[in-house]
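Undergrad: Supplied structure: query00.txt, compact mmCIF, C-alpha atoms and all ligand atoms.
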```txt
# COMPACT_ATOMS: atom_id res chain seq x y z
CA MET A 1 0.00 0.00 0.00
CA ILE A 2 1.22 3.50 -0.88
CA GLU A 3 -0.39 6.55 0.73
CA VAL A 4 0.47 10.04 -0.37
CA ARG A 5 -1.17 12.66 1.83
CA GLN A 6 -1.21 16.36 1.13
CA LEU A 7 2.32 16.05 -0.21
CA THR A 8 4.03 19.34 -1.07
CA LYS A 9 7.59 19.75 -2.29
CA ARG A 10 8.90 23.21 -3.05
CA TYR A 11 12.21 24.02 -4.72
CA ARG A 12 12.69 27.76 -4.19
CA ALA A 13 9.93 29.31 -6.32
CA THR A 14 8.83 26.01 -7.91
CA ARG A 15 6.08 23.94 -6.34
CA ALA A 16 7.10 20.61 -7.84
CA VAL A 17 4.34 18.85 -5.89
CA ASP A 18 1.43 20.80 -4.47
CA GLY A 19 -0.90 19.24 -1.88
CA LEU A 20 -1.04 15.90 -3.69
CA SER A 21 -3.01 13.00 -2.18
CA PHE A 22 -3.64 9.52 -3.57
CA GLU A 23 -3.49 5.86 -2.59
CA VAL A 24 -2.37 2.73 -4.37
CA LYS A 25 -3.72 -0.53 -2.99
CA PRO A 26 -2.12 -3.97 -3.20
CA GLY A 27 -3.01 -6.09 -6.20
CA TYR A 28 -3.12 -3.23 -8.68
CA VAL A 29 -0.88 -1.59 -11.22
CA ALA A 30 -1.44 2.15 -10.90
CA GLY A 31 -0.30 4.29 -13.80
CA PHE A 32 1.13 7.64 -12.72
CA LEU A 33 0.70 10.09 -15.58
CA GLY A 34 1.41 13.73 -16.22
CA PRO A 35 3.22 15.97 -18.68
CA ASN A 36 6.91 16.82 -18.29
CA GLY A 37 7.57 18.57 -15.03
CA ALA A 38 4.20 17.54 -13.53
CA GLY A 39 5.92 16.22 -10.39
CA LYS A 40 5.90 12.45 -10.95
CA SER A 41 9.59 11.86 -10.20
CA THR A 42 9.52 14.20 -7.23
CA THR A 43 6.57 12.29 -5.77
CA MET A 44 8.32 8.96 -6.30
CA ARG A 45 11.48 10.31 -4.73
CA ALA A 46 9.46 11.44 -1.71
CA ILE A 47 7.88 7.97 -1.38
CA LEU A 48 11.39 6.51 -1.45
CA GLY A 49 12.75 8.93 1.13
CA LEU A 50 15.13 10.49 -1.40
CA ASP A 51 13.44 13.89 -1.17
CA ARG A 52 12.16 15.47 2.02
CA PRO A 53 8.63 16.79 1.63
CA THR A 54 8.15 20.48 2.39
CA SER A 55 4.89 19.36 4.00
CA GLY A 56 2.58 16.35 3.97
CA GLU A 57 3.80 12.78 3.85
CA ALA A 58 4.29 9.73 1.69
CA LEU A 59 3.90 6.33 3.34
CA VAL A 60 4.80 2.82 2.29
CA GLU A 61 2.87 0.12 4.12
CA GLY A 62 1.86 2.76 6.65
CA ARG A 63 5.39 3.97 7.40
CA ARG A 64 7.75 6.64 6.16
CA TYR A 65 10.59 5.17 4.16
CA ALA A 66 13.16 6.58 6.57
CA GLY A 67 11.56 4.63 9.41
CA ILE A 68 11.77 1.27 7.63
CA ARG A 69 14.62 -1.03 8.64
CA ARG A 70 16.03 -2.94 5.68
CA PRO A 71 13.77 -1.12 3.21
CA MET A 72 14.55 -3.39 0.26
CA HIS A 73 12.33 -6.01 1.91
CA HIS A 74 9.38 -3.62 1.70
CA VAL A 75 9.85 -1.41 -1.33
CA GLY A 76 11.77 -1.77 -4.57
CA ALA A 77 12.26 0.91 -7.19
CA LEU A 78 13.51 1.34 -10.70
CA LEU A 79 14.36 5.01 -11.09
CA ASP A 80 17.23 5.72 -13.44
CA ALA A 81 18.47 2.42 -14.85
CA GLY A 82 21.56 4.09 -16.34
CA ALA A 83 22.80 5.28 -12.95
CA VAL A 84 24.70 2.15 -11.87
CA HIS A 85 28.37 1.55 -11.16
CA GLY A 86 29.78 0.47 -14.54
CA GLY A 87 32.89 -1.33 -13.30
CA ARG A 88 31.26 -4.14 -11.34
CA SER A 89 29.76 -7.28 -12.79
CA ALA A 90 25.98 -7.56 -12.80
CA TYR A 91 26.27 -10.23 -10.11
CA ASP A 92 28.55 -8.13 -7.88
CA HIS A 93 26.35 -5.08 -8.31
CA LEU A 94 23.37 -7.01 -6.95
CA ARG A 95 25.44 -8.73 -4.26
CA VAL A 96 26.57 -5.38 -2.81
CA LEU A 97 22.96 -4.21 -2.69
CA ALA A 98 21.78 -7.50 -1.20
CA ARG A 99 24.38 -7.50 1.59
CA SER A 100 23.50 -3.95 2.59
CA ASN A 101 20.01 -5.22 3.36
CA GLY A 102 20.87 -8.61 4.84
CA ILE A 103 19.69 -10.48 1.73
CA LYS A 104 21.30 -13.85 0.92
CA ASP A 105 23.49 -14.30 -2.18
CA SER A 106 21.14 -17.07 -3.34
CA ARG A 107 18.50 -14.40 -3.88
CA VAL A 108 20.90 -12.60 -6.26
CA VAL A 109 21.11 -15.72 -8.39
CA ALA A 110 17.33 -16.13 -8.32
CA THR A 111 16.59 -12.54 -9.39
CA LEU A 112 19.18 -12.68 -12.17
CA GLU A 113 17.32 -15.75 -13.44
CA GLN A 114 13.97 -14.03 -13.03
CA VAL A 115 14.94 -11.05 -15.20
CA GLY A 116 16.72 -13.18 -17.80
CA LEU A 117 20.27 -12.01 -17.02
CA ALA A 118 21.74 -15.25 -15.64
CA GLY A 119 23.81 -15.66 -18.81
CA VAL A 120 25.50 -12.26 -18.45
CA ALA A 121 25.91 -12.25 -14.65
CA LYS A 122 29.71 -11.97 -14.90
CA ARG A 123 29.70 -9.16 -17.43
CA ARG A 124 30.58 -5.62 -16.37
CA VAL A 125 27.51 -3.46 -15.94
CA GLY A 126 29.08 -0.80 -18.17
CA SER A 127 29.13 -3.21 -21.09
CA LEU A 128 25.43 -4.10 -20.89
CA SER A 129 22.87 -2.75 -23.36
CA LEU A 130 20.22 -0.30 -22.14
CA GLY A 131 17.63 -3.09 -22.15
CA MET A 132 19.91 -5.30 -20.03
CA LYS A 133 20.60 -2.41 -17.62
CA GLN A 134 16.87 -1.92 -17.30
CA ARG A 135 16.50 -5.61 -16.42
CA LEU A 136 19.33 -5.28 -13.91
CA GLY A 137 17.50 -2.32 -12.35
CA VAL A 138 14.39 -4.46 -12.10
CA ALA A 139 16.43 -7.26 -10.49
CA ALA A 140 17.70 -4.78 -7.89
CA ALA A 141 14.12 -3.70 -7.18
CA LEU A 142 13.01 -7.31 -6.72
CA LEU A 143 15.95 -8.47 -4.59
CA GLY A 144 14.26 -8.07 -1.23
CA ASP A 145 10.94 -9.57 -2.48
CA PRO A 146 9.16 -6.31 -1.59
CA GLY A 147 5.40 -5.78 -1.42
CA VAL A 148 5.61 -2.33 -3.01
CA LEU A 149 7.27 -1.53 -6.34
CA LEU A 150 7.88 1.80 -8.06
CA PHE A 151 8.91 2.10 -11.69
CA ASP A 152 9.78 5.51 -13.12
CA GLU A 153 9.30 5.50 -16.91
CA PRO A 154 10.41 1.86 -17.19
CA VAL A 155 9.78 1.52 -20.93
CA ASN A 156 11.98 4.48 -21.90
CA GLY A 157 14.49 3.38 -24.51
CA LEU A 158 13.33 -0.25 -24.60
CA ASP A 159 12.65 -2.22 -27.76
CA PRO A 160 9.19 -3.79 -28.29
CA GLU A 161 10.31 -7.10 -26.76
CA GLY A 162 11.63 -5.28 -23.66
CA ILE A 163 8.44 -3.24 -23.38
CA ARG A 164 6.32 -6.38 -23.52
CA TRP A 165 8.51 -8.02 -20.90
CA ILE A 166 8.19 -5.10 -18.44
CA ARG A 167 4.43 -4.90 -19.01
CA HIS A 168 4.07 -8.59 -18.30
CA LEU A 169 6.29 -8.39 -15.24
CA MET A 170 4.33 -5.51 -13.69
CA ARG A 171 1.01 -7.26 -14.25
CA GLY A 172 2.44 -10.44 -12.71
CA LEU A 173 3.72 -8.54 -9.65
CA ALA A 174 0.27 -7.04 -9.08
CA ARG A 175 -1.35 -10.46 -9.49
CA GLU A 176 0.90 -11.72 -6.71
CA GLY A 177 -0.75 -9.10 -4.49
CA ARG A 178 1.97 -6.45 -4.66
CA THR A 179 1.40 -2.72 -4.98
CA VAL A 180 2.80 -1.35 -8.25
CA LEU A 181 3.13 2.33 -9.17
CA VAL A 182 4.49 3.10 -12.63
CA SER A 183 5.03 6.53 -14.15
CA SER A 184 4.63 7.26 -17.83
CA HIS A 185 3.97 10.02 -20.35
CA LEU A 186 1.88 7.69 -22.46
CA MET A 187 -1.74 6.92 -21.73
CA SER A 188 -1.73 4.36 -24.55
CA GLU A 189 1.02 2.42 -22.77
CA MET A 190 -0.84 2.61 -19.48
CA ALA A 191 -4.04 1.34 -21.11
CA LEU A 192 -2.22 -1.95 -21.66
CA THR A 193 -0.65 -2.16 -18.22
CA ALA A 194 -2.53 -0.28 -15.53
CA ASP A 195 -5.75 -1.06 -13.67
CA ARG A 196 -5.98 2.47 -12.33
CA VAL A 197 -4.61 5.85 -13.34
CA ILE A 198 -3.46 8.80 -11.30
CA VAL A 199 -3.10 11.86 -13.52
CA ILE A 200 -1.27 14.91 -12.19
CA GLY A 201 -0.41 18.32 -13.59
CA ARG A 202 1.53 21.17 -11.98
CA GLY A 203 2.04 18.98 -8.93
CA ARG A 204 -1.70 18.59 -8.34
CA LEU A 205 -4.10 15.70 -8.73
CA ILE A 206 -6.17 15.99 -11.90
CA LEU A 207 -7.84 12.59 -11.84
CA GLU A 208 -7.68 9.29 -9.98
CA ALA A 209 -9.84 6.59 -11.56
CA SER A 210 -10.01 3.02 -12.75
CA MET A 211 -9.04 2.58 -16.38
CA GLN A 212 -12.61 1.44 -17.03
CA ASP A 213 -14.17 4.56 -15.47
CA LEU A 214 -11.79 6.74 -17.45
CA GLN A 215 -12.92 5.13 -20.68
CA GLU A 216 -16.55 5.55 -19.61
CA LYS A 217 -16.03 9.19 -18.67
CA PHE A 218 -14.67 10.01 -22.09
CA LYS A 219 -17.46 8.36 -24.05
CA LYS A 220 -18.27 11.20 -26.35
CA ASP A 221 -21.49 10.76 -28.24
CA VAL A 222 -23.45 8.56 -30.63
CA LEU A 223 -23.34 9.20 -34.34
CA VAL A 224 -26.74 8.60 -35.98
CA ARG A 225 -27.77 8.68 -39.63
CA THR A 226 -31.43 8.82 -40.57
CA PRO A 227 -33.30 10.02 -43.66
CA THR A 228 -35.71 11.94 -41.38
CA PRO A 229 -33.46 13.90 -39.00
CA GLU A 230 -36.15 16.45 -38.02
CA ALA A 231 -38.42 13.75 -36.59
CA LEU A 232 -35.54 12.10 -34.72
CA VAL A 233 -34.23 15.40 -33.31
CA ALA A 234 -37.72 16.20 -31.98
CA ALA A 235 -38.03 12.76 -30.37
CA LEU A 236 -34.51 12.86 -28.88
CA THR A 237 -34.93 16.38 -27.53
CA ALA A 238 -38.23 15.39 -25.90
CA ALA A 239 -36.36 12.46 -24.28
CA GLY A 240 -33.78 14.86 -22.80
CA ALA A 241 -30.87 14.28 -25.22
CA SER A 242 -28.95 17.02 -26.99
CA THR A 243 -28.13 16.83 -30.68
CA ARG A 244 -26.07 18.60 -33.27
CA SER A 245 -25.59 18.03 -36.98
CA GLU A 246 -22.28 17.29 -38.60
CA GLU A 247 -21.68 16.27 -42.20
CA GLY A 248 -25.13 14.82 -42.75
CA ALA A 249 -25.15 12.94 -39.44
CA LEU A 250 -26.58 13.67 -36.00
CA LEU A 251 -24.30 13.60 -32.98
CA VAL A 252 -26.29 12.71 -29.91
CA GLN A 253 -25.30 13.20 -26.28
CA GLY A 254 -27.25 12.18 -23.20
CA LEU A 255 -28.67 8.87 -24.48
CA GLN A 256 -26.93 5.55 -25.15
CA ALA A 257 -27.09 3.87 -28.56
CA PRO A 258 -29.64 1.17 -27.54
CA ASP A 259 -31.97 3.84 -26.09
CA ILE A 260 -31.75 5.85 -29.30
CA ALA A 261 -32.52 2.74 -31.36
CA ASP A 262 -35.53 1.84 -29.18
CA LEU A 263 -36.85 5.38 -29.31
CA ALA A 264 -36.54 5.51 -33.09
CA ALA A 265 -38.21 2.10 -33.46
CA ARG A 266 -41.16 3.17 -31.29
CA ARG A 267 -41.67 6.25 -33.48
CA GLY A 268 -41.16 4.33 -36.74
CA ILE A 269 -38.10 6.48 -37.60
CA PRO A 270 -35.68 4.64 -39.90
CA ILE A 271 -32.05 4.47 -38.72
CA HIS A 272 -29.26 3.89 -41.24
CA GLU A 273 -26.30 4.08 -38.87
CA LEU A 274 -25.81 4.16 -35.11
CA THR A 275 -22.20 4.38 -33.87
CA PRO A 276 -21.14 5.08 -30.26
CA ARG A 277 -17.99 7.21 -30.33
CA SER A 278 -15.46 7.64 -27.54
CA ALA A 279 -12.41 9.84 -27.38
CA SER A 280 -9.21 7.81 -27.58
CA LEU A 281 -7.53 7.50 -24.20
CA GLU A 282 -4.65 9.55 -25.53
CA ASP A 283 -7.10 12.33 -26.48
CA ALA A 284 -8.72 12.03 -23.06
CA TYR A 285 -5.34 12.40 -21.42
CA LEU A 286 -4.40 15.43 -23.54
CA GLU A 287 -7.71 17.05 -22.68
CA LEU A 288 -7.19 16.37 -18.97
CA THR A 289 -3.68 17.79 -18.88
CA GLU A 290 -4.12 20.61 -21.41
CA ASP A 291 -4.08 23.37 -18.81
CA SER A 292 -0.99 22.09 -17.04
CA VAL A 293 0.94 21.84 -20.28
CA GLU A 294 -0.01 25.40 -21.28
CA TYR A 295 1.05 26.66 -17.90
CA ARG A 296 4.46 25.01 -18.19
CA THR A 297 5.00 26.28 -21.72
CA LYS A 298 4.23 29.83 -20.68
CA GLU A 299 6.38 29.51 -17.60
CA THR A 300 9.46 28.34 -19.47
CA ALA A 301 8.89 30.98 -22.16
CA ARG A 302 9.27 33.75 -19.58
N1 LIG B 1 16.23 19.26 -7.59
C1 LIG B 1 15.40 20.16 -8.13
N2 LIG B 1 15.66 21.49 -8.03
C2 LIG B 1 14.82 22.41 -8.56
N3 LIG B 1 13.69 22.11 -9.23
C3 LIG B 1 13.39 20.82 -9.39
C4 LIG B 1 14.22 19.77 -8.85
N4 LIG B 1 13.65 18.58 -9.16
C5 LIG B 1 12.52 18.86 -9.87
N5 LIG B 1 12.36 20.20 -10.00
C6 LIG B 1 11.24 20.87 -10.67
O1 LIG B 1 10.05 20.36 -10.15
C7 LIG B 1 9.07 20.18 -11.16
C8 LIG B 1 8.61 18.73 -11.18
O2 LIG B 1 9.66 17.90 -11.66
P1 LIG B 1 9.57 16.31 -11.77
O3 LIG B 1 10.88 15.84 -12.28
O4 LIG B 1 9.08 15.75 -10.49
O5 LIG B 1 8.44 16.13 -12.87
P2 LIG B 1 8.10 14.83 -13.74
O6 LIG B 1 6.61 14.77 -13.78
O7 LIG B 1 8.82 13.65 -13.22
O8 LIG B 1 8.65 15.25 -15.16
P3 LIG B 1 9.25 14.36 -16.35
O9 LIG B 1 8.08 13.66 -16.96
O10 LIG B 1 9.82 15.39 -17.25
O11 LIG B 1 10.27 13.45 -15.76
C9 LIG B 1 9.71 20.65 -12.45
O12 LIG B 1 9.33 21.99 -12.67
C10 LIG B 1 11.19 20.55 -12.15
O13 LIG B 1 11.91 21.51 -12.91
```
Now that the file is in, can you turn its structure into structure tokens?
Ligand SMILES: Nc1ncnc2c1ncn2[C@@H]1O[C@H](COP(=O)(O)OP(=O)(O)OP(=O)(O)O)[C@@H](O)[C@H]1O
TA:
Amino acid sequence: MIEVRQLTKRYRATRAVDGLSFEVKPGYVAGFLGPNGAGKSTTMRAILGLDRPTSGEALVEGRRYAGIRRPMHHVGALLDAGAVHGGRSAYDHLRVLARSNGIKDSRVVATLEQVGLAGVAKRRVGSLSLGMKQRLGVAAALLGDPGVLLFDEPVNGLDPEGIRWIRHLMRGLAREGRTVLVSSHLMSEMALTADRVIVIGRGRLILEASMQDLQEKFKKDVLVRTPTPEALVAALTAAGASTRSEEGALLVQGLQAPDIADLAARRGIPIHELTPRSASLEDAYLELTEDSVEYRTKETAR
């Protein structure tokens, strides 16, 4: 479980995070979305005790990170996969981490297997490809078998095979009952991975919802074609729907497609096409974060 409560982090004049509250429960992958500079990394750093909140708090399994003894047993994170000591072997890199948290060497072997790096365990970290470094970062996060996992932009720079692997891994971790928080710029990526989304902009919460509710919320309208639009508009308006015309079709809001069909049938109005339309998730996301992006653009232009 992750609990972020009224979290604020200020850097001089910048409010990187501004009174942000949300929760992630075990058994779910939560997608953490927001435009550049929205405050995602700062929030994750606060959860991991790497940044001190100006006010508010971020708790992992009910405790502040700093108060957790041997934290790798409780929370694992993949932040910047490139930021590892290049001179050590993959095995030694993990062994140093493991020993600092009282984790047995046998666990190092097991996690190297789990992430598919057993064959390159003796290779220097510096010589590994970006995809392999990403897997090594994941191995480090999993070492202590933690209940909470944070991934900051894990698919950045990965090839399609690597992306599919990470997606699969995160879903599997949630299925095992772990709490997974993953940041991304891409709603389309999150649609394939996350059960819930937390969207932030300018350090504030814009939306926290299940992926299903988000899709429902952005159902746009129903496109209807009929040879007798006047009769249908009158019937729909009387039923409380709103309509507008576009390129020979009617766009109807306020009634679902089956209700429109039933209504038309009752009145003997012929229907030639009936198509429910929803905004793509990417469009929905852009609409949600539009204001925050504008704000940032103006701010940097100053
Ligand atoms: N150490 C710091 N010193 C000063 N300002 C900072 C620092 N870290 C972050 N910021 C500012 O805080 C804001 C939030 O940054 P943060 O990196 O958390 O956003 P983000 O959502 O992770 O962005 P991105 O998607 O680009 O990684 C930005 O305006 C950033 O410039």
Undergrad: Using all atoms listed in the file, collect all residues at a distance of at most 12 Å from (16.5, -14.6, -11.4) as written in the file, then present them as a PyMOL selection string.
TA: chain A and resi 90-91+94+105-121+135-136+138-143+145
Undergrad: Please, what distance in Å, to one decimal, runs between atom C10 of ligand LIG 1 (chain B) and atom CA of Gly37 of chain A?
TA: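 Distance reported for this atom pair: 5.0 Å.
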Undergrad: Counting only C-alpha atoms and all ligand atoms, what residues are within 6 Å of ligand LIG 1 (chain B), given as a PyMOL selection string?
TA: chain A and resi 11+16+34-42
Undergrad: Excluding Ala264 of chain A and any residue of its chain fewer than 6 positions from it, enumerate the residues within 8 Å of it, using all atoms listed in the file, and give them as an MDAnalysis selection string.
TA: chainID A and resid 232 235 270:271
Undergrad: Looking at only C-alpha atoms, which of A:Val233, A:Val125, A:Ala46, A:Val60 is the one that sits closest to Glu3 of chain A?
TA: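 Comparing A:Val233, A:Val125, A:Ala46, A:Val60 against Glu3 of chain A, the winner is A:Val60.
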Undergrad: Would you list the contacts of Leu274 of chain A as JSON, numbers by chain, taking every protein, DNA or RNA residue within 8 Å and counting only C-alpha atoms, but skipping same-chain residues closer than 2 positions in sequence?
TA: {"A": [222, 223, 224, 225, 257, 261, 271, 272, 276]}
Undergrad: Name all residues at most 8 Å from Thr193 of chain A (count all atoms listed in the file; drop same-chain ones fewer than 6 positions away) and give them as a tab-separated table (two decimals) with C-alpha atoms, keeping the file's coordinate frame.
TA:
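Saved file result.tsv follows:
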```
chain	number	residue	atom	x	y	z
A	29	VAL	CA	-0.88	-1.59	-11.22
A	31	GLY	CA	-0.30	4.29	-13.80
A	167	ARG	CA	4.43	-4.90	-19.01
A	168	HIS	CA	4.07	-8.59	-18.30
A	170	MET	CA	4.33	-5.51	-13.69
A	171	ARG	CA	1.01	-7.26	-14.25
```
Undergrad: To one decimal place in Å, what is the distance between atom CA of Phe32 of chain A and atom CA of Ser184 of chain A?
TA: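 Between atom CA of Phe32 of chain A and atom CA of Ser184 of chain A the gap works out to 6.2 Å.
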Undergrad: Smallest atom-to-atom distance to Thr43 of chain A: which of A:Leu263, A:Ala13, A:Leu173, A:Val4, using only C-alpha atoms?
TA: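 Between A:Leu263, A:Ala13, A:Leu173, A:Val4, the residue approaching Thr43 of chain A most closely is A:Val4.
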Undergrad: Quote the spacing between atom CA of His93 of chain A and atom CA of Ser183 of chain A in Å to one decimal place.
TA: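 Interatomic distance, atom CA of His93 of chain A to atom CA of Ser183 of chain A: 25.0 Å.
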Undergrad: Considering only C-alpha atoms, state which residue in the set A:Thr226, A:Thr243, A:Ser280, A:Thr237 is at the smallest distance from Ala191 of chain A.
TA: A:Ser280
Undergrad: Which residues are near Arg204 of chain A? Cut-off 9 Å, all atoms listed in the file, ignore same chain within fewer than 5 positions. Put them as an MDAnalysis selection string.
TA: chainID A and resid 17:21 38:39 199
Undergrad: When you look at Gly49 of chain A with a cut-off of 10 Å (counting only C-alpha atoms), what residues show up, excluding the ones that are within fewer than 2 positions of it in the same chain? I need them as a list of chain:residue names.
TA: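 That gives A:Thr43, A:Met44, A:Arg45, A:Ala46, A:Ile47, A:Asp51, A:Arg52, A:Pro53, A:Ala58, A:Leu59, A:Arg64, A:Tyr65, A:Ala66, A:Gly67.
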Undergrad: Out of A:Pro258, A:Gly240, A:Gly76, A:Gly162, which residue has the shortest atom-to-atom distance to Lys133 of chain A when counting only C-alpha atoms?
TA: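 Answer, going by the shortest atom-to-atom distance: A:Gly162.
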Undergrad: Reconstruct segment 97-113 of chain A at the level of N, CA and C atoms, and format the result as a short mmCIF file (atom, residue, chain, number, x, y, z; two decimals), in the coordinates of the input.
TA:
```cif
data_model
loop_
_atom_site.label_atom_id
_atom_site.label_comp_id
_atom_site.auth_asym_id
_atom_site.auth_seq_id
_atom_site.Cartn_x
_atom_site.Cartn_y
_atom_site.Cartn_z
N LEU A 97 24.28 -4.69 -3.14
CA LEU A 97 22.96 -4.21 -2.69
C LEU A 97 22.33 -5.18 -1.70
N ALA A 98 22.41 -6.47 -2.04
CA ALA A 98 21.78 -7.50 -1.20
C ALA A 98 22.39 -7.49 0.20
N ARG A 99 23.72 -7.44 0.26
CA ARG A 99 24.38 -7.50 1.59
C ARG A 99 24.02 -6.31 2.45
N SER A 100 23.83 -5.14 1.80
CA SER A 100 23.50 -3.95 2.59
C SER A 100 22.14 -4.10 3.25
N ASN A 101 21.34 -5.04 2.79
CA ASN A 101 20.01 -5.22 3.36
C ASN A 101 19.83 -6.61 3.95
N GLY A 102 20.94 -7.29 4.21
CA GLY A 102 20.87 -8.61 4.84
C GLY A 102 20.19 -9.66 3.97
N ILE A 103 20.34 -9.52 2.65
CA ILE A 103 19.69 -10.48 1.73
C ILE A 103 20.75 -11.50 1.28
N LYS A 104 20.35 -12.77 1.26
CA LYS A 104 21.30 -13.85 0.92
C LYS A 104 21.74 -13.79 -0.54
N ASP A 105 22.97 -14.28 -0.81
CA ASP A 105 23.49 -14.30 -2.18
C ASP A 105 22.62 -15.18 -3.10
N SER A 106 21.97 -16.19 -2.51
CA SER A 106 21.14 -17.07 -3.34
C SER A 106 19.99 -16.30 -4.01
N ARG A 107 19.58 -15.24 -3.34
CA ARG A 107 18.50 -14.40 -3.88
C ARG A 107 19.00 -13.62 -5.12
N VAL A 108 20.30 -13.29 -5.11
CA VAL A 108 20.90 -12.60 -6.26
C VAL A 108 20.80 -13.49 -7.49
N VAL A 109 21.16 -14.75 -7.29
CA VAL A 109 21.11 -15.72 -8.39
C VAL A 109 19.67 -15.84 -8.89
N ALA A 110 18.74 -15.93 -7.95
CA ALA A 110 17.33 -16.13 -8.32
C ALA A 110 16.79 -14.93 -9.11
N THR A 111 17.13 -13.71 -8.67
CA THR A 111 16.59 -12.54 -9.39
C THR A 111 17.25 -12.39 -10.75
N LEU A 112 18.53 -12.74 -10.85
CA LEU A 112 19.18 -12.68 -12.17
C LEU A 112 18.47 -13.63 -13.14
N GLU A 113 18.09 -14.79 -12.64
CA GLU A 113 17.32 -15.75 -13.44
C GLU A 113 15.97 -15.12 -13.83
#
```
